[in-house]
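With mmCIF, C-alpha atoms, pLDDT in the B column; chains and numbers go by the auth columns inside, this is work18.cif:
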```cif
data_input
#
loop_
_atom_site.group_PDB
_atom_site.id
_atom_site.type_symbol
_atom_site.label_atom_id
_atom_site.label_comp_id
_atom_site.label_asym_id
_atom_site.label_seq_id
_atom_site.Cartn_x
_atom_site.Cartn_y
_atom_site.Cartn_z
_atom_site.B_iso_or_equiv
_atom_site.auth_seq_id
_atom_site.auth_asym_id
ATOM 1 C CA MET A 1 7.773 -29.468 1.320 78.00 1 H
ATOM 2 C CA LEU A 2 11.159 -27.742 1.529 76.00 2 H
ATOM 3 C CA LYS A 3 12.392 -29.321 -1.693 79.00 3 H
ATOM 4 C CA TYR A 4 9.608 -27.567 -3.584 78.00 4 H
ATOM 5 C CA PHE A 5 10.684 -24.248 -2.077 73.00 5 H
ATOM 6 C CA MET A 6 14.340 -24.900 -2.822 76.00 6 H
ATOM 7 C CA ARG A 7 13.650 -25.498 -6.517 82.00 7 H
ATOM 8 C CA TYR A 8 14.320 -21.773 -6.923 81.00 8 H
ATOM 9 C CA ASN A 9 17.520 -19.951 -5.938 84.00 9 H
ATOM 10 C CA PRO A 10 17.635 -17.979 -2.689 84.00 10 H
ATOM 11 C CA GLY A 11 18.004 -14.914 -4.931 85.00 11 H
ATOM 12 C CA TRP A 12 14.635 -15.672 -6.504 86.00 12 H
ATOM 13 C CA TRP A 13 12.945 -15.701 -3.094 88.00 13 H
ATOM 14 C CA ILE A 14 14.821 -12.625 -1.805 90.00 14 H
ATOM 15 C CA LEU A 15 13.870 -10.685 -4.946 88.00 15 H
ATOM 16 C CA HIS A 16 10.201 -11.652 -4.685 91.00 16 H
ATOM 17 C CA VAL A 17 9.935 -10.875 -0.966 94.00 17 H
ATOM 18 C CA VAL A 18 11.616 -7.473 -1.518 94.00 18 H
ATOM 19 C CA VAL A 19 9.421 -6.615 -4.494 93.00 19 H
ATOM 20 C CA ILE A 20 6.169 -7.716 -2.799 94.00 20 H
ATOM 21 C CA GLY A 21 7.201 -5.693 0.284 96.00 21 H
ATOM 22 C CA LEU A 22 7.960 -2.671 -1.902 94.00 22 H
ATOM 23 C CA THR A 23 4.613 -3.032 -3.673 93.00 23 H
ATOM 24 C CA PHE A 24 2.706 -3.103 -0.378 94.00 24 H
ATOM 25 C CA TYR A 25 4.721 -0.120 0.904 94.00 25 H
ATOM 26 C CA LEU A 26 4.037 1.898 -2.264 93.00 26 H
ATOM 27 C CA GLY A 27 0.345 1.000 -2.135 91.00 27 H
ATOM 28 C CA HIS A 28 0.194 2.156 1.483 92.00 28 H
ATOM 29 C CA MET A 29 2.112 5.370 0.739 90.00 29 H
ATOM 30 C CA MET A 30 0.152 6.514 -2.324 89.00 30 H
ATOM 31 C CA THR A 31 -2.533 9.057 -1.514 88.00 31 H
ATOM 32 C CA PHE A 32 -3.745 10.962 -4.545 87.00 32 H
ATOM 33 C CA LYS A 33 -5.199 14.354 -3.675 82.00 33 H
ATOM 34 C CA PHE A 34 -7.355 16.386 -6.043 78.00 34 H
ATOM 35 C CA MET B 1 23.384 -2.584 -35.445 69.00 1 N
ATOM 36 C CA LYS B 2 19.754 -3.500 -34.729 83.00 2 N
ATOM 37 C CA LYS B 3 20.701 -3.607 -31.052 91.00 3 N
ATOM 38 C CA ASN B 4 21.755 0.043 -31.085 93.00 4 N
ATOM 39 C CA THR B 5 18.507 1.060 -32.788 95.00 5 N
ATOM 40 C CA LEU B 6 16.421 -0.731 -30.150 95.00 6 N
ATOM 41 C CA LEU B 7 18.631 0.616 -27.359 96.00 7 N
ATOM 42 C CA ILE B 8 18.135 4.168 -28.667 96.00 8 N
ATOM 43 C CA ALA B 9 14.346 3.594 -28.870 96.00 9 N
ATOM 44 C CA LEU B 10 14.342 2.250 -25.294 96.00 10 N
ATOM 45 C CA PHE B 11 16.428 5.183 -24.063 97.00 11 N
ATOM 46 C CA LEU B 12 14.275 7.782 -25.836 97.00 12 N
ATOM 47 C CA LEU B 13 11.041 6.314 -24.450 96.00 13 N
ATOM 48 C CA ALA B 14 12.527 6.325 -20.934 96.00 14 N
ATOM 49 C CA VAL B 15 13.878 9.891 -21.207 97.00 15 N
ATOM 50 C CA SER B 16 10.573 11.152 -22.624 96.00 16 N
ATOM 51 C CA GLY B 17 8.702 9.428 -19.788 96.00 17 N
ATOM 52 C CA LEU B 18 11.030 11.008 -17.237 96.00 18 N
ATOM 53 C CA MET B 19 10.654 14.486 -18.717 97.00 19 N
ATOM 54 C CA LEU B 20 6.856 14.251 -18.948 96.00 20 N
ATOM 55 C CA HIS B 21 6.496 12.979 -15.365 96.00 21 N
ATOM 56 C CA TYR B 22 8.899 15.616 -14.051 95.00 22 N
ATOM 57 C CA ARG B 23 6.904 18.360 -15.778 95.00 23 N
ATOM 58 C CA ILE B 24 3.338 17.158 -15.144 94.00 24 N
ATOM 59 C CA HIS B 25 3.645 15.504 -11.721 92.00 25 N
ATOM 60 C CA ASN B 26 6.606 17.293 -10.149 93.00 26 N
ATOM 61 C CA PHE B 27 7.274 16.017 -6.632 93.00 27 N
ATOM 62 C CA MET B 28 7.963 19.525 -5.258 93.00 28 N
ATOM 63 C CA ILE B 29 4.549 21.134 -4.920 90.00 29 N
ATOM 64 C CA ALA B 30 3.697 24.724 -3.953 89.00 30 N
ATOM 65 C CA ASP B 31 2.833 25.098 -0.269 89.00 31 N
ATOM 66 C CA THR B 32 -0.518 26.920 -0.137 87.00 32 N
ATOM 67 C CA LEU B 33 -0.023 27.863 3.532 90.00 33 N
ATOM 68 C CA HIS B 34 3.387 29.435 2.888 90.00 34 N
ATOM 69 C CA PRO B 35 3.444 31.029 -0.585 90.00 35 N
ATOM 70 C CA GLY B 36 6.812 30.789 -2.301 90.00 36 N
ATOM 71 C CA ASN B 37 7.701 27.587 -0.430 92.00 37 N
ATOM 72 C CA PHE B 38 7.665 24.107 -1.915 93.00 38 N
ATOM 73 C CA ILE B 39 6.990 20.855 -0.112 92.00 39 N
ATOM 74 C CA PHE B 40 8.034 17.334 -0.997 93.00 40 N
ATOM 75 C CA ASP B 41 5.183 15.055 -2.123 91.00 41 N
ATOM 76 C CA GLY B 42 5.960 11.381 -1.470 89.00 42 N
ATOM 77 C CA THR B 43 3.124 10.177 -3.687 91.00 43 N
ATOM 78 C CA ARG B 44 4.458 11.983 -6.746 92.00 44 N
ATOM 79 C CA PHE B 45 8.093 11.107 -6.114 93.00 45 N
ATOM 80 C CA PRO B 46 7.940 7.552 -7.588 93.00 46 N
ATOM 81 C CA ALA B 47 6.569 9.093 -10.816 93.00 47 N
ATOM 82 C CA THR B 48 10.018 10.683 -11.257 95.00 48 N
ATOM 83 C CA LEU B 49 12.076 8.005 -9.509 96.00 49 N
ATOM 84 C CA PHE B 50 10.941 5.036 -11.620 96.00 50 N
ATOM 85 C CA PRO B 51 11.536 6.716 -15.014 96.00 51 N
ATOM 86 C CA LEU B 52 14.938 7.865 -13.684 97.00 52 N
ATOM 87 C CA ILE B 53 15.807 4.236 -12.850 96.00 53 N
ATOM 88 C CA ASP B 54 14.503 3.329 -16.325 96.00 54 N
ATOM 89 C CA VAL B 55 16.825 5.870 -17.965 97.00 55 N
ATOM 90 C CA VAL B 56 19.981 5.150 -15.991 97.00 56 N
ATOM 91 C CA LEU B 57 19.897 1.562 -14.744 97.00 57 N
ATOM 92 C CA VAL B 58 17.762 -0.211 -17.360 97.00 58 N
ATOM 93 C CA THR B 59 19.680 1.402 -20.240 96.00 59 N
ATOM 94 C CA ALA B 60 23.010 0.485 -18.596 96.00 60 N
ATOM 95 C CA LEU B 61 21.886 -3.126 -17.994 96.00 61 N
ATOM 96 C CA PHE B 62 20.658 -3.488 -21.580 96.00 62 N
ATOM 97 C CA MET B 63 24.078 -2.425 -22.932 95.00 63 N
ATOM 98 C CA SER B 64 25.654 -5.823 -22.274 94.00 64 N
ATOM 99 C CA ARG B 65 24.457 -9.321 -23.124 93.00 65 N
ATOM 100 C CA LYS B 66 25.351 -10.595 -19.639 94.00 66 N
ATOM 101 C CA THR B 67 23.191 -8.095 -17.790 95.00 67 N
ATOM 102 C CA ALA B 68 20.383 -7.808 -20.382 95.00 68 N
ATOM 103 C CA VAL B 69 18.252 -10.310 -18.457 95.00 69 N
ATOM 104 C CA TYR B 70 18.312 -8.068 -15.355 94.00 70 N
ATOM 105 C CA GLY B 71 17.493 -5.064 -17.517 96.00 71 N
ATOM 106 C CA TYR B 72 14.536 -6.964 -18.962 96.00 72 N
ATOM 107 C CA LEU B 73 13.360 -7.911 -15.457 94.00 73 N
ATOM 108 C CA LEU B 74 13.697 -4.361 -14.082 95.00 74 N
ATOM 109 C CA ASN B 75 12.083 -2.873 -17.192 96.00 75 N
ATOM 110 C CA GLY B 76 9.115 -5.223 -16.774 96.00 76 N
ATOM 111 C CA LEU B 77 8.844 -4.377 -13.072 95.00 77 N
ATOM 112 C CA ILE B 78 8.840 -0.635 -13.794 96.00 78 N
ATOM 113 C CA VAL B 79 6.216 -1.015 -16.531 97.00 79 N
ATOM 114 C CA ILE B 80 3.940 -3.052 -14.223 95.00 80 N
ATOM 115 C CA TYR B 81 4.317 -0.444 -11.436 95.00 81 N
ATOM 116 C CA GLY B 82 3.643 2.293 -14.000 95.00 82 N
ATOM 117 C CA THR B 83 0.496 0.532 -15.196 96.00 83 N
ATOM 118 C CA ILE B 84 -0.885 0.072 -11.675 94.00 84 N
ATOM 119 C CA PHE B 85 -0.072 3.574 -10.445 94.00 85 N
ATOM 120 C CA MET B 86 -1.235 5.352 -13.596 94.00 86 N
ATOM 121 C CA ALA B 87 -4.504 3.383 -13.527 94.00 87 N
ATOM 122 C CA HIS B 88 -4.937 4.163 -9.813 93.00 88 N
ATOM 123 C CA PHE B 89 -4.197 7.837 -10.419 93.00 89 N
ATOM 124 C CA SER B 90 -6.633 7.938 -13.318 94.00 90 N
ATOM 125 C CA ILE B 91 -9.448 6.237 -11.372 93.00 91 N
ATOM 126 C CA SER B 92 -8.937 8.606 -8.401 92.00 92 N
ATOM 127 C CA GLU B 93 -8.969 11.622 -10.716 92.00 93 N
ATOM 128 C CA MET B 94 -12.112 10.467 -12.538 93.00 94 N
ATOM 129 C CA THR B 95 -13.891 9.865 -9.230 91.00 95 N
ATOM 130 C CA ALA B 96 -12.820 13.218 -7.777 93.00 96 N
ATOM 131 C CA LYS B 97 -13.696 15.235 -10.875 91.00 97 N
ATOM 132 C CA SER B 98 -16.874 13.253 -11.747 91.00 98 N
ATOM 133 C CA VAL B 99 -15.805 12.570 -15.324 90.00 99 N
ATOM 134 C CA PRO B 100 -18.813 11.383 -17.412 90.00 100 N
ATOM 135 C CA VAL B 101 -18.748 7.753 -18.582 89.00 101 N
ATOM 136 C CA SER B 102 -18.702 8.824 -22.258 90.00 102 N
ATOM 137 C CA SER B 103 -15.310 10.532 -21.916 89.00 103 N
ATOM 138 C CA MET B 104 -13.750 8.152 -19.385 89.00 104 N
ATOM 139 C CA LEU B 105 -11.772 6.181 -21.967 89.00 105 N
ATOM 140 C CA LEU B 106 -10.092 9.133 -23.668 90.00 106 N
ATOM 141 C CA LYS B 107 -9.523 11.085 -20.435 89.00 107 N
ATOM 142 C CA SER B 108 -7.961 8.115 -18.676 92.00 108 N
ATOM 143 C CA THR B 109 -4.252 7.290 -18.647 93.00 109 N
ATOM 144 C CA LEU B 110 -4.889 4.279 -20.911 94.00 110 N
ATOM 145 C CA ALA B 111 -2.865 5.908 -23.716 94.00 111 N
ATOM 146 C CA ASP B 112 0.069 6.462 -21.359 95.00 112 N
ATOM 147 C CA ILE B 113 -0.169 2.863 -20.149 96.00 113 N
ATOM 148 C CA GLY B 114 -0.010 1.820 -23.824 97.00 114 N
ATOM 149 C CA ILE B 115 3.200 3.819 -24.284 96.00 115 N
ATOM 150 C CA ALA B 116 4.679 2.179 -21.169 96.00 116 N
ATOM 151 C CA TRP B 117 3.923 -1.266 -22.642 97.00 117 N
ATOM 152 C CA GLY B 118 5.540 -0.123 -25.902 97.00 118 N
ATOM 153 C CA ASP B 119 8.672 0.491 -23.824 96.00 119 N
ATOM 154 C CA PHE B 120 8.372 -3.021 -22.378 97.00 120 N
ATOM 155 C CA PHE B 121 8.092 -4.666 -25.812 97.00 121 N
ATOM 156 C CA VAL B 122 11.064 -2.696 -27.173 97.00 122 N
ATOM 157 C CA GLY B 123 12.980 -4.105 -24.190 96.00 123 N
ATOM 158 C CA LYS B 124 11.663 -7.594 -24.979 96.00 124 N
ATOM 159 C CA ALA B 125 12.747 -7.316 -28.625 96.00 125 N
ATOM 160 C CA LEU B 126 16.217 -6.209 -27.493 96.00 126 N
ATOM 161 C CA TYR B 127 16.446 -9.049 -24.977 96.00 127 N
ATOM 162 C CA ASP B 128 15.331 -11.629 -27.580 95.00 128 N
ATOM 163 C CA LEU B 129 17.927 -10.255 -29.991 95.00 129 N
ATOM 164 C CA TYR B 130 20.685 -10.584 -27.359 94.00 130 N
ATOM 165 C CA MET B 131 19.658 -14.159 -26.592 92.00 131 N
ATOM 166 C CA ARG B 132 19.483 -15.204 -30.249 88.00 132 N
ATOM 167 C CA GLY B 133 22.864 -13.972 -31.438 66.00 133 N
#
```
As structure tokens:
Amino acid sequence: MLKYFMRYNPGWWILHVVVIGLTFYLGHMMTFKF
Amino acid sequence: MKKNTLLIALFLLAVSGLMLHYRIHNFMIADTLHPGNFIFDGTRFPATLFPLIDVVLVTALFMSRKTAVYGYLLNGLIVIYGTIFMAHFSISEMTAKSVPVSSMLLKSTLADIGIAWGDFFVGKALYDLYMRG
């Protein structure tokens, strides 16, 4: 299992976790008022 | 020479996006409870922050062949965020203002999303050019 995960660099995983986290945070933060 | 032309196009699209967002969706909004005061709006802030990153960081990364790949990645990320947030904004606005179905297409931010994707493909052309020669 691990070898499939390690096919990509740690940087690849770090970047994706950060970006997915940021996306969820932004989605949670956005409240459009009209 | 083609690289400079594409870089200028990329820069101009980013600067124009920044200026439009700063003018239309400024993150400092008038406080209705305290006239004359302005309050920070966290929802509108990314509308200025992302184009600012696009102007400064993406342009800087696209200046060199070594870092062009990161510029391409960041440019794509910003365009995807722009697409999602502009679409979300547009849908919220249409729901709140009860826009009729007949004028939904032209009153939506679809045109602006198209411009954002234009920015992405200029970046892609520049990246492809760097990788080819």
| message | Could you tell me, as a count of residues only, exactly which residues end up selected when the PyMOL selection byres ((chain N) within 9 of (chain H)) is applied to this structure? | response | 13
| field | Evaluate the PyMOL selection byres ((chain N and resi 62-75) around 12) and report residues as number ranges by chain | value | H: 12, 15-16, 19; N: 3-11, 13-14, 50-61, 76-82, 116-133
Residue neighbourhood segment 17-33 of chain N, 7 Å, only C-alpha atoms, exclusion window fewer than 5 positions, as an mmCIF file with C-alpha atoms, in the frame of the given file:
```cif
data_model
loop_
_atom_site.group_PDB
_atom_site.id
_atom_site.type_symbol
_atom_site.label_atom_id
_atom_site.label_comp_id
_atom_site.auth_asym_id
_atom_site.auth_seq_id
_atom_site.Cartn_x
_atom_site.Cartn_y
_atom_site.Cartn_z
ATOM 1 C CA PHE N 38 7.665 24.107 -1.915
ATOM 2 C CA ILE N 39 6.990 20.855 -0.112
ATOM 3 C CA PHE N 40 8.034 17.334 -0.997
ATOM 4 C CA ASP N 41 5.183 15.055 -2.123
ATOM 5 C CA ARG N 44 4.458 11.983 -6.746
ATOM 6 C CA PHE N 45 8.093 11.107 -6.114
ATOM 7 C CA ALA N 47 6.569 9.093 -10.816
ATOM 8 C CA THR N 48 10.018 10.683 -11.257
ATOM 9 C CA PRO N 51 11.536 6.716 -15.014
ATOM 10 C CA LEU N 52 14.938 7.865 -13.684
#
```
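Across the model, the gap from atom CA of Ser90 of chain N to atom CA of Ser108 of chain N is 5.5 Å.
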| said: Just to confirm, what's the straight-line distance from atom CA of Gly114 of chain N to atom CA of Met86 of chain N in Å (one decimal)? | reply: 10.9 Å
Taking N, CA and C atoms as the atom set, what does segment 93-107 of chain N look like once completed, written as a PDB file, in the coordinates of the input?
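This went into part_34.pdb:
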```pdb
ATOM      1  N   GLU N  93      -8.681  10.337 -10.079  1.00 92.00           N
ATOM      2  CA  GLU N  93      -8.969  11.622 -10.716  1.00 92.00           C
ATOM      3  C   GLU N  93     -10.397  11.636 -11.285  1.00 92.00           C
ATOM      4  N   MET N  94     -10.772  10.530 -11.931  1.00 93.00           N
ATOM      5  CA  MET N  94     -12.112  10.467 -12.538  1.00 93.00           C
ATOM      6  C   MET N  94     -13.201  10.496 -11.475  1.00 93.00           C
ATOM      7  N   THR N  95     -12.917   9.856 -10.333  1.00 91.00           N
ATOM      8  CA  THR N  95     -13.891   9.865  -9.230  1.00 91.00           C
ATOM      9  C   THR N  95     -14.002  11.266  -8.637  1.00 91.00           C
ATOM     10  N   ALA N  96     -12.826  11.900  -8.416  1.00 93.00           N
ATOM     11  CA  ALA N  96     -12.820  13.218  -7.777  1.00 93.00           C
ATOM     12  C   ALA N  96     -13.454  14.287  -8.661  1.00 93.00           C
ATOM     13  N   LYS N  97     -13.215  14.192  -9.966  1.00 91.00           N
ATOM     14  CA  LYS N  97     -13.696  15.235 -10.875  1.00 91.00           C
ATOM     15  C   LYS N  97     -15.012  14.869 -11.559  1.00 91.00           C
ATOM     16  N   SER N  98     -15.605  13.733 -11.182  1.00 91.00           N
ATOM     17  CA  SER N  98     -16.874  13.253 -11.747  1.00 91.00           C
ATOM     18  C   SER N  98     -16.887  13.292 -13.279  1.00 91.00           C
ATOM     19  N   VAL N  99     -15.904  12.627 -13.860  1.00 90.00           N
ATOM     20  CA  VAL N  99     -15.805  12.570 -15.324  1.00 90.00           C
ATOM     21  C   VAL N  99     -16.966  11.708 -15.861  1.00 90.00           C
ATOM     22  N   PRO N 100     -17.724  12.203 -16.880  1.00 90.00           N
ATOM     23  CA  PRO N 100     -18.813  11.383 -17.412  1.00 90.00           C
ATOM     24  C   PRO N 100     -18.308  10.103 -18.079  1.00 90.00           C
ATOM     25  N   VAL N 101     -19.153   9.077 -18.060  1.00 89.00           N
ATOM     26  CA  VAL N 101     -18.748   7.753 -18.582  1.00 89.00           C
ATOM     27  C   VAL N 101     -18.312   7.847 -20.046  1.00 89.00           C
ATOM     28  N   SER N 102     -18.996   8.714 -20.820  1.00 90.00           N
ATOM     29  CA  SER N 102     -18.702   8.824 -22.258  1.00 90.00           C
ATOM     30  C   SER N 102     -17.272   9.277 -22.536  1.00 90.00           C
ATOM     31  N   SER N 103     -16.676  10.064 -21.648  1.00 89.00           N
ATOM     32  CA  SER N 103     -15.310  10.532 -21.916  1.00 89.00           C
ATOM     33  C   SER N 103     -14.272   9.871 -21.011  1.00 89.00           C
ATOM     34  N   MET N 104     -14.689   8.821 -20.311  1.00 89.00           N
ATOM     35  CA  MET N 104     -13.750   8.152 -19.385  1.00 89.00           C
ATOM     36  C   MET N 104     -12.559   7.530 -20.103  1.00 89.00           C
ATOM     37  N   LEU N 105     -12.841   6.903 -21.266  1.00 89.00           N
ATOM     38  CA  LEU N 105     -11.772   6.181 -21.967  1.00 89.00           C
ATOM     39  C   LEU N 105     -10.681   7.135 -22.452  1.00 89.00           C
ATOM     40  N   LEU N 106     -11.087   8.223 -23.098  1.00 90.00           N
ATOM     41  CA  LEU N 106     -10.092   9.133 -23.668  1.00 90.00           C
ATOM     42  C   LEU N 106      -9.443  10.026 -22.618  1.00 90.00           C
ATOM     43  N   LYS N 107     -10.116  10.238 -21.487  1.00 89.00           N
ATOM     44  CA  LYS N 107      -9.523  11.085 -20.435  1.00 89.00           C
ATOM     45  C   LYS N 107      -8.715  10.273 -19.435  1.00 89.00           C
TER      46      LYS N 107
END
```
